[in-house]
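Trainee: My file is upload_2.txt. It has compact mmCIF, C-alpha atoms:
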# COMPACT_ATOMS: atom_id res chain seq x y z
CA MET A 264 140.60 79.03 71.75
CA GLU A 265 142.36 81.63 73.86
CA PHE A 266 139.33 81.75 76.13
CA LEU A 267 139.50 77.98 76.64
CA PHE A 268 143.20 78.22 77.43
CA ASN A 269 142.62 80.98 80.01
CA PHE A 270 139.72 79.04 81.48
CA ALA A 271 141.86 75.89 81.70
CA GLN A 272 144.51 77.91 83.54
CA THR A 273 141.85 79.13 85.99
CA ARG A 274 140.68 75.55 86.48
CA LEU A 275 144.25 74.46 87.12
CA PHE A 276 144.59 77.25 89.69
CA TYR A 277 141.51 76.03 91.56
CA LEU A 278 142.69 72.43 91.49
CA THR A 279 146.10 73.49 92.82
CA PHE A 280 144.43 75.58 95.48
CA LEU A 281 142.31 72.56 96.40
CA LEU A 282 145.47 70.56 97.01
CA ILE A 283 146.89 73.31 99.24
CA ILE A 284 143.67 73.54 101.23
CA ASN A 285 143.61 69.77 101.58
CA LYS A 286 146.92 69.97 103.41
CA LEU A 287 145.61 72.73 105.69
CA ASN A 288 142.43 70.74 106.47
CA PHE A 289 139.88 73.53 106.22
CA THR A 290 136.72 71.50 105.61
CA GLU A 291 134.43 74.30 104.45
CA MET A 292 137.06 75.71 102.12
CA LYS A 293 137.73 72.24 100.71
CA LYS A 294 134.05 71.78 99.99
CA LEU A 295 133.79 75.15 98.25
CA ALA A 296 136.99 74.61 96.24
CA LYS A 297 135.71 71.23 95.08
CA GLN A 298 132.43 72.86 94.08
CA LEU A 299 134.33 75.52 92.12
CA ALA A 300 136.33 72.84 90.31
CA GLU A 301 133.13 70.96 89.41
CA LEU A 302 131.52 74.12 88.09
CA CYS A 303 134.60 74.89 86.01
CA ASN A 304 134.52 71.38 84.57
CA ALA A 305 130.85 71.82 83.64
CA VAL A 306 131.59 75.12 81.88
CA ILE A 307 134.50 73.61 79.97
CA ALA A 308 132.28 70.74 78.81
CA ASP A 309 129.55 73.12 77.60
CA ILE A 310 131.75 75.87 76.18
CA GLU A 311 132.66 73.67 73.22
CA LYS A 312 128.96 73.34 72.31
CA VAL A 313 128.04 77.03 72.57
CA GLU A 314 128.33 77.85 68.88
CA THR A 315 125.77 75.23 67.84
CA ASN A 316 123.62 74.81 70.95
CA LYS A 317 121.69 77.67 72.57
CA ALA A 318 120.92 75.58 75.65
CA ALA A 319 124.65 75.06 76.23
CA ALA A 320 125.16 78.83 76.08
CA ALA A 321 122.47 79.28 78.72
CA ARG A 322 124.10 76.64 80.93
CA VAL A 323 127.46 78.40 80.61
CA ARG A 324 125.95 81.76 81.60
CA LYS A 325 124.16 80.16 84.57
CA ALA A 326 127.30 78.32 85.67
CA THR A 327 129.41 81.49 85.56
CA LEU A 328 126.94 83.18 87.90
CA GLU A 329 127.20 80.19 90.23
CA ILE A 330 131.01 80.30 90.04
CA ALA A 331 130.91 83.94 91.16
CA LYS A 332 128.56 83.07 94.03
CA VAL A 333 130.69 80.16 95.25
CA GLY A 334 133.84 82.26 94.81
CA LYS A 335 132.43 84.88 97.17
CA GLU A 336 131.54 82.20 99.72
CA PHE A 337 135.06 80.79 99.39
CA ARG A 338 136.56 84.22 100.02
CA LYS A 339 134.48 84.64 103.18
CA ALA A 340 135.54 81.21 104.42
CA SER A 341 139.17 81.97 103.61
CA ILE A 342 139.11 85.23 105.55
CA ALA A 343 137.43 83.54 108.50
CA ALA A 344 140.03 80.74 108.49
CA ALA A 345 142.88 83.26 108.36
CA LYS A 346 141.54 85.05 111.42
CA LYS A 347 141.56 81.88 113.54
Would you mind giving the structure from this file in structure tokens?
Mentor:
Amino acid sequence: MEFLFNFAQTRLFYLTFLLIINKLNFTEMKKLAKQLAELCNAVIADIEKVETNKAAAARVRKATLEIAKVGKEFRKASIAAAKK
């Protein structure tokens, strides 16, 4: 349960960050933040099924790799936007 709580906090952080970016109007960053939020939602939906469903565990592992990939892209976009 603690993992779910921490993950929910992370999801809340991304959603809050999405609102901040929306005000700044960085289109690429908005797209990436929305993608991160969608990936987090997918993981939260599957994490509850992990104990009884091996396919759900595989989806969670795959989604966490994708979250890391999109997070790196977001960081690059953020740095580029800060330099403008």
Trainee: So how far away is atom CA of Ala340 of chain A from atom CA of Asn304 of chain A, in Å?
Mentor: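 Calculated distance between atom CA of Asn304 of chain A and atom CA of Ala340 of chain A is 22.2 Å.
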Trainee: Point out the residue among A:Val313, A:Ala318, A:Lys325, A:Val333 with the least atom-to-atom distance to Lys294 of chain A, counting only C-alpha atoms.
Mentor: A:Val333
Trainee: Nearest residue to Arg322 of chain A out of A:Leu295, A:Ile310, A:Ala300, A:Ile342, using all atoms listed in the file?
Mentor: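 Looking only at the distances to Arg322 of chain A, the closest residue turns out to be A:Ile310.
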Trainee: When you draw a straight line from atom CA of Glu311 of chain A to atom CA of Ala296 of chain A, how long is it in Å?
Mentor: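 According to the coordinates, atom CA of Glu311 of chain A and atom CA of Ala296 of chain A are separated by 23.4 Å.
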Trainee: In Å, rounded to a single decimal, give me how far atom CA of Glu329 of chain A is from atom CA of Glu314 of chain A.
Mentor: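 Here the two named atoms are 21.5 Å from each other.
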Trainee: Compare A:Val306, A:Thr290, A:Arg338, A:Lys312 by their minimum atom-to-atom distance to Ala326 of chain A, counting only C-alpha atoms, and give me the closest one.
Mentor: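 The closest residue to Ala326 of chain A is A:Val306.
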Trainee: Using only C-alpha atoms for the distances, tell me which of A:Met292, A:Ala343, A:Ala308, A:Lys335 is nearest to Ala320 of chain A.
Mentor: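 Among A:Met292, A:Ala343, A:Ala308, A:Lys335, it is A:Ala308 that comes nearest to Ala320 of chain A.
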Trainee: A:Lys317, A:Lys332, A:Arg324, A:Lys293: which is nearest Ala305 of chain A, counting only C-alpha atoms?
Mentor: A:Arg324
